[in-house]
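Below you'll find the structure, written out as structure tokens, and then a few comments.
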Amino acid sequence: MSADTSTGTGTGVLRGAGVVVTGAGGGIGAALARRFAAEGARVVVNDLDADRARAVAREIGAVAVPGDASAVVDEAREALGGAGALDVWCANAGLASPGDAFADEDVWAAAWDVNVMAHVRAARALLPEWLERGSGRFVSTVSAAGLLTMIGAAPYSVSKHGAYAFAEWLSLTYRHRGLAVHAICPQGVRTDMLTAAGSAGELVLAPTAIEPEAVADALMDAVGDGRFLVLPHPEVAGYHRNRATDPERWLATMNHVQRTWETGAR
């Protein structure tokens, strides 16, 4: 019998749940896997790096299923016990793709494939079972870039907007049929991805960067509240509001940040 992962108060709804976390060999994914395990869930750790996946799985008493996040739903389901055993899917694996409008086509394609289509493929595989039984939980690690933007990273920003849009669409389409969806939108998090963001990350993200564990805490709060939008940096709500209500001012402010970055990069 599947765990009750429907909206409720507290994270007790996760006890006994079968959870898959993609991209969980480190960073936010590893923090999520650890927290789900601490909540009493049965966890599958997925990562392209098999050694890292196995290391995290050993640490928390989970099962490692390495491989491409787009193609492991069936294997992960079997690892949890077969049909009806997979309750929560955390689409956490992501690609931080820097570059501007002139980035190579393959850079744009890879960003779209990992940051959006992997979520779509997982949903295709999960939804028939979840909708039939009337419960399931889809967690999308988006980024504040999906609500706002990120200087110096057009493929990343655009694809993360797509990831957010897909999570939003899933929620509004299926919530009355028992699907819970959460979109996690942090700013800077102290992970390898922040390091890879280079000088743009140092300027925009590093000053307020948080530990991955804080992201996991924010998700658990949202699960307890039955809340779609997860903001580990609460100030993002204000930025998002400003962007919607006064786009000219918001764009001018972000252009100032862009020019500051360009000046510092010279």
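A note on labels: chains of the structure tokens are A, B, ... as shown, every chain counts residues from 1, and ligands are counted from 1 in their shown order.
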Determine, using only C-alpha atoms, which residues of range 42-117 of chain A have any atom at most 8 Å from an atom of range 136-153 of chain A, and tabulate each with its shortest atom pair and distance in Å to one decimal place, rows ordered by chain and then rising number, as CSV.
```
residue,atom,partner,partner_atom,distance
A:Asp87,CA,A:Gly136,CA,5.2
A:Val88,CA,A:Arg137,CA,4.7
A:Trp89,CA,A:Phe138,CA,5.0
A:Cys90,CA,A:Val139,CA,4.5
A:Ala91,CA,A:Ser140,CA,4.9
A:Asn92,CA,A:Thr141,CA,4.8
A:Ala93,CA,A:Thr141,CA,7.8
A:Ala96,CA,A:Ala153,CA,8.0
A:Ser97,CA,A:Ala153,CA,6.2
A:Pro98,CA,A:Ala153,CA,4.0
A:Gly99,CA,A:Ala153,CA,4.9
A:Asp100,CA,A:Ala153,CA,6.2
```
What would the file look like if the residues just selected were written as a PDB file, in the first residue's frame with all heavy atoms?
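What landed in result05.pdb:
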```pdb
ATOM      1  N   ASP A  87       5.899   7.095  -4.640  1.00  0.00           N
ATOM      2  CA  ASP A  87       4.950   8.116  -4.197  1.00  0.00           C
ATOM      3  C   ASP A  87       5.390   9.543  -4.497  1.00  0.00           C
ATOM      4  O   ASP A  87       4.549  10.418  -4.703  1.00  0.00           O
ATOM      5  CB  ASP A  87       4.718   7.995  -2.688  1.00  0.00           C
ATOM      6  CG  ASP A  87       4.236   6.623  -2.285  1.00  0.00           C
ATOM      7  OD1 ASP A  87       3.120   6.262  -2.693  1.00  0.00           O
ATOM      8  OD2 ASP A  87       4.976   5.910  -1.574  1.00  0.00           O
ATOM      9  N   VAL A  88       6.697   9.795  -4.450  1.00  0.00           N
ATOM     10  CA  VAL A  88       7.237  11.154  -4.590  1.00  0.00           C
ATOM     11  C   VAL A  88       8.379  11.142  -5.590  1.00  0.00           C
ATOM     12  O   VAL A  88       9.302  10.327  -5.467  1.00  0.00           O
ATOM     13  CB  VAL A  88       7.748  11.699  -3.236  1.00  0.00           C
ATOM     14  CG1 VAL A  88       8.257  13.136  -3.400  1.00  0.00           C
ATOM     15  CG2 VAL A  88       6.679  11.623  -2.158  1.00  0.00           C
ATOM     16  N   TRP A  89       8.316  12.036  -6.547  1.00  0.00           N
ATOM     17  CA  TRP A  89       9.405  12.181  -7.511  1.00  0.00           C
ATOM     18  C   TRP A  89       9.986  13.582  -7.373  1.00  0.00           C
ATOM     19  O   TRP A  89       9.278  14.570  -7.537  1.00  0.00           O
ATOM     20  CB  TRP A  89       8.909  11.989  -8.941  1.00  0.00           C
ATOM     21  CG  TRP A  89      10.019  12.037  -9.955  1.00  0.00           C
ATOM     22  CD1 TRP A  89      10.490  13.143 -10.613  1.00  0.00           C
ATOM     23  CD2 TRP A  89      10.805  10.942 -10.432  1.00  0.00           C
ATOM     24  NE1 TRP A  89      11.522  12.808 -11.457  1.00  0.00           N
ATOM     25  CE2 TRP A  89      11.740  11.459 -11.364  1.00  0.00           C
ATOM     26  CE3 TRP A  89      10.815   9.567 -10.148  1.00  0.00           C
ATOM     27  CZ2 TRP A  89      12.666  10.644 -12.028  1.00  0.00           C
ATOM     28  CZ3 TRP A  89      11.737   8.759 -10.803  1.00  0.00           C
ATOM     29  CH2 TRP A  89      12.640   9.301 -11.727  1.00  0.00           C
ATOM     30  N   CYS A  90      11.280  13.653  -7.067  1.00  0.00           N
ATOM     31  CA  CYS A  90      11.972  14.940  -6.970  1.00  0.00           C
ATOM     32  C   CYS A  90      12.810  15.131  -8.221  1.00  0.00           C
ATOM     33  O   CYS A  90      13.887  14.528  -8.366  1.00  0.00           O
ATOM     34  CB  CYS A  90      12.858  14.984  -5.735  1.00  0.00           C
ATOM     35  SG  CYS A  90      11.960  14.946  -4.186  1.00  0.00           S
ATOM     36  N   ALA A  91      12.323  15.966  -9.122  1.00  0.00           N
ATOM     37  CA  ALA A  91      13.044  16.281 -10.362  1.00  0.00           C
ATOM     38  C   ALA A  91      14.076  17.349 -10.034  1.00  0.00           C
ATOM     39  O   ALA A  91      13.857  18.542 -10.243  1.00  0.00           O
ATOM     40  CB  ALA A  91      12.063  16.754 -11.430  1.00  0.00           C
ATOM     41  N   ASN A  92      15.189  16.899  -9.492  1.00  0.00           N
ATOM     42  CA  ASN A  92      16.203  17.818  -8.985  1.00  0.00           C
ATOM     43  C   ASN A  92      17.398  17.978  -9.917  1.00  0.00           C
ATOM     44  O   ASN A  92      18.061  19.010  -9.899  1.00  0.00           O
ATOM     45  CB  ASN A  92      16.675  17.343  -7.609  1.00  0.00           C
ATOM     46  CG  ASN A  92      17.848  18.141  -7.098  1.00  0.00           C
ATOM     47  OD1 ASN A  92      17.691  19.272  -6.629  1.00  0.00           O
ATOM     48  ND2 ASN A  92      19.050  17.579  -7.205  1.00  0.00           N
ATOM     49  N   ALA A  93      17.693  16.976 -10.716  1.00  0.00           N
ATOM     50  CA  ALA A  93      18.855  17.051 -11.604  1.00  0.00           C
ATOM     51  C   ALA A  93      18.732  18.265 -12.511  1.00  0.00           C
ATOM     52  O   ALA A  93      17.670  18.519 -13.091  1.00  0.00           O
ATOM     53  CB  ALA A  93      18.962  15.782 -12.443  1.00  0.00           C
ATOM     54  N   ALA A  96      23.485  23.772 -15.201  1.00  0.00           N
ATOM     55  CA  ALA A  96      23.732  25.214 -15.127  1.00  0.00           C
ATOM     56  C   ALA A  96      24.476  25.638 -16.382  1.00  0.00           C
ATOM     57  O   ALA A  96      25.692  25.501 -16.464  1.00  0.00           O
ATOM     58  CB  ALA A  96      24.545  25.546 -13.885  1.00  0.00           C
ATOM     59  N   SER A  97      23.756  26.145 -17.349  1.00  0.00           N
ATOM     60  CA  SER A  97      24.337  26.472 -18.656  1.00  0.00           C
ATOM     61  C   SER A  97      24.538  27.973 -18.787  1.00  0.00           C
ATOM     62  O   SER A  97      23.581  28.723 -18.958  1.00  0.00           O
ATOM     63  CB  SER A  97      23.419  25.982 -19.775  1.00  0.00           C
ATOM     64  OG  SER A  97      23.194  24.598 -19.652  1.00  0.00           O
ATOM     65  N   PRO A  98      25.785  28.432 -18.743  1.00  0.00           N
ATOM     66  CA  PRO A  98      26.037  29.854 -18.975  1.00  0.00           C
ATOM     67  C   PRO A  98      25.964  30.166 -20.462  1.00  0.00           C
ATOM     68  O   PRO A  98      25.817  29.265 -21.292  1.00  0.00           O
ATOM     69  CB  PRO A  98      27.460  30.045 -18.441  1.00  0.00           C
ATOM     70  CG  PRO A  98      28.101  28.713 -18.671  1.00  0.00           C
ATOM     71  CD  PRO A  98      27.023  27.688 -18.467  1.00  0.00           C
ATOM     72  N   GLY A  99      26.067  31.440 -20.791  1.00  0.00           N
ATOM     73  CA  GLY A  99      26.070  31.835 -22.194  1.00  0.00           C
ATOM     74  C   GLY A  99      24.984  32.838 -22.493  1.00  0.00           C
ATOM     75  O   GLY A  99      24.045  33.012 -21.722  1.00  0.00           O
ATOM     76  N   ASP A 100      25.139  33.489 -23.643  1.00  0.00           N
ATOM     77  CA  ASP A 100      24.168  34.491 -24.062  1.00  0.00           C
ATOM     78  C   ASP A 100      23.356  33.983 -25.242  1.00  0.00           C
ATOM     79  O   ASP A 100      23.287  32.774 -25.471  1.00  0.00           O
ATOM     80  CB  ASP A 100      24.875  35.814 -24.377  1.00  0.00           C
ATOM     81  CG  ASP A 100      25.957  35.655 -25.449  1.00  0.00           C
ATOM     82  OD1 ASP A 100      25.946  34.634 -26.183  1.00  0.00           O
ATOM     83  OD2 ASP A 100      26.816  36.551 -25.553  1.00  0.00           O
TER      84      ASP A 100
END
```
Practice task
Within 7 Å of Ala62 in chain A, counting only C-alpha atoms, which residues show up once you throw out same-chain ones fewer than 2 positions away? Write them as an MDAnalysis selection string, please.
Solution key: chainID A and resid 42:45 57:58 60 64
Exercise for the section: Could you pull out the residues in range 19-256 of chain A that DSSP calls strand (DSSP E) from the backbone, as JSON, numbers by chain? Expected result: {"A": [19, 20, 21, 42, 43, 44, 45, 63, 64, 88, 89, 90, 91, 136, 137, 138, 139, 140, 141, 179, 180, 181, 182, 183, 184, 229, 230]}
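All residues of protein, DNA or RNA that reach within 10 Å of Arg35 in chain A, judged by only C-alpha atoms and not counting those fewer than 6 positions away in the chain, are A:Gly29, A:Ala41, A:Val43, A:Ile60, A:Glu213, A:Ala216, A:Asp217, A:Leu219, A:Met220.
Across A:Gly40, A:Ala237, A:His176, A:Leu32, the tightest approach to Arg15 in chain A is made by A:Gly40 when counting only C-alpha atoms.
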Applying 8 Å and only C-alpha atoms, which residues near Thr208 in chain A remain after dropping the ones on its own chain fewer than 2 positions away? List them as an mmCIF file with all heavy atoms, in the first residue's frame.
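Result file is selection-v3.cif:
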```
data_model
loop_
_atom_site.group_PDB
_atom_site.id
_atom_site.type_symbol
_atom_site.label_atom_id
_atom_site.label_comp_id
_atom_site.auth_asym_id
_atom_site.auth_seq_id
_atom_site.Cartn_x
_atom_site.Cartn_y
_atom_site.Cartn_z
ATOM 1 N N GLN A 187 17.614 31.108 -4.505
ATOM 2 C CA GLN A 187 18.672 31.882 -5.155
ATOM 3 C C GLN A 187 19.984 31.098 -4.951
ATOM 4 O O GLN A 187 20.043 29.925 -5.278
ATOM 5 C CB GLN A 187 18.732 33.294 -4.569
ATOM 6 C CG GLN A 187 17.534 34.154 -4.930
ATOM 7 C CD GLN A 187 17.751 35.619 -4.625
ATOM 8 O OE1 GLN A 187 17.807 36.461 -5.527
ATOM 9 N NE2 GLN A 187 17.857 35.943 -3.353
ATOM 10 N N GLY A 188 21.019 31.740 -4.442
ATOM 11 C CA GLY A 188 22.283 31.056 -4.299
ATOM 12 C C GLY A 188 22.260 29.978 -3.230
ATOM 13 O O GLY A 188 21.759 30.193 -2.131
ATOM 14 N N LEU A 205 24.601 35.899 -6.501
ATOM 15 C CA LEU A 205 24.109 34.806 -5.672
ATOM 16 C C LEU A 205 24.878 34.595 -4.371
ATOM 17 O O LEU A 205 24.288 34.286 -3.337
ATOM 18 C CB LEU A 205 24.132 33.495 -6.477
ATOM 19 C CG LEU A 205 23.358 33.498 -7.789
ATOM 20 C CD1 LEU A 205 23.568 32.173 -8.526
ATOM 21 C CD2 LEU A 205 21.875 33.741 -7.550
ATOM 22 N N ALA A 206 26.179 34.734 -4.431
ATOM 23 C CA ALA A 206 27.003 34.380 -3.267
ATOM 24 C C ALA A 206 26.691 35.171 -2.004
ATOM 25 O O ALA A 206 26.710 34.607 -0.902
ATOM 26 C CB ALA A 206 28.483 34.506 -3.628
ATOM 27 N N ILE A 210 22.803 30.147 0.771
ATOM 28 C CA ILE A 210 22.427 29.333 1.924
ATOM 29 C C ILE A 210 22.949 27.908 1.732
ATOM 30 O O ILE A 210 23.389 27.535 0.644
ATOM 31 C CB ILE A 210 20.895 29.302 2.111
ATOM 32 C CG1 ILE A 210 20.206 28.745 0.854
ATOM 33 C CG2 ILE A 210 20.366 30.696 2.448
ATOM 34 C CD1 ILE A 210 18.706 28.587 0.981
#
```
Practice task
Could you give me the residues within range 16-265 of chain A that DSSP places in helix (DSSP H, G or I), as a ChimeraX atom specification?
Solution key: /A:27-38,50-60,69-71,73-80,105-133,144-146,154-177,192-196,198-204,206-208,212-225,236-245,247-265
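The spacing separating CA of Arg34 in chain A from CA of Val116 in chain A amounts to 24.5 Å.
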List as a CSV table (one decimal) with N, CA, C and O atoms, in the first residue's frame the protein and nucleic acid residues near range 80-86 of chain A, meaning an atom at most 8 Å away when only C-alpha atoms are counted, but skip any in the same chain fewer than 6 places from it.
```csv
chain,number,residue,atom,x,y,z
A,1,MET,N,0.9,-1.2,0.0
A,1,MET,CA,0.0,0.0,0.0
A,1,MET,C,0.9,1.2,0.0
A,1,MET,O,1.9,1.3,0.7
A,2,SER,N,0.5,2.2,-0.8
A,2,SER,CA,1.3,3.4,-0.9
A,2,SER,C,1.1,4.3,0.3
A,2,SER,O,0.0,4.3,1.0
A,17,ALA,N,6.7,6.7,2.6
A,17,ALA,CA,6.6,7.0,1.2
A,17,ALA,C,7.8,6.5,0.4
A,17,ALA,O,8.9,6.6,0.9
A,18,GLY,N,7.6,6.1,-0.8
A,18,GLY,CA,8.7,5.8,-1.7
A,18,GLY,C,9.1,7.0,-2.5
A,18,GLY,O,8.2,7.6,-3.2
A,19,VAL,N,10.3,7.5,-2.3
A,19,VAL,CA,10.8,8.8,-2.8
A,19,VAL,C,12.0,8.5,-3.8
A,19,VAL,O,12.9,7.8,-3.4
A,20,VAL,N,12.0,9.2,-4.9
A,20,VAL,CA,13.1,9.2,-5.8
A,20,VAL,C,13.6,10.7,-5.9
A,20,VAL,O,12.8,11.6,-6.1
A,42,ARG,N,11.2,5.9,2.2
A,42,ARG,CA,12.1,4.9,1.6
A,42,ARG,C,12.6,5.6,0.3
A,42,ARG,O,11.9,6.0,-0.5
A,43,VAL,N,14.0,5.8,0.2
A,43,VAL,CA,14.5,6.7,-0.7
A,43,VAL,C,15.4,6.0,-1.8
A,43,VAL,O,16.2,5.1,-1.5
A,44,VAL,N,15.2,6.4,-3.0
A,44,VAL,CA,16.1,6.0,-4.1
A,44,VAL,C,16.9,7.3,-4.5
A,44,VAL,O,16.4,8.3,-4.7
A,129,GLU,N,-0.3,6.1,-13.2
A,129,GLU,CA,-0.5,5.4,-12.0
A,129,GLU,C,-1.0,6.3,-10.9
A,129,GLU,O,-2.0,6.0,-10.1
```
Problem - Using only C-alpha atoms: which of A:Ala200, A:Val236, A:Ala244, A:Ala69 has the shortest distance to Gln258 in chain A - result: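 The closest residue to Gln258 in chain A is A:Ala200.
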Practice task
Tell me which of A:Pro66, A:Gly27, A:Gly134, A:Gly226 sits closest to Thr195 in chain A, counting only C-alpha atoms.
Solution key: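 Nearest candidate to Thr195 in chain A out of A:Pro66, A:Gly27, A:Gly134, A:Gly226: A:Gly27.
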Exercise for the section: Please indicate the distance in Å from CA of Asn115 in chain A to CA of Gly224 in chain A, rounded to one decimal place. Expected result: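 Atom-to-atom, CA of Asn115 in chain A and CA of Gly224 in chain A are spaced 26.0 Å apart.
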Exercise for the section: Find the residues near Ala167 in chain A: any atom within 8 Å, counting only C-alpha atoms, skip ones fewer than 5 places away on the same chain, and give them as a ChimeraX atom specification. Expected result: /A:140,181-183
Completion exercise
Pairwise distance, CA of Trp130 in chain A with CA of Leu179 in chain A, equals 7.3 Å
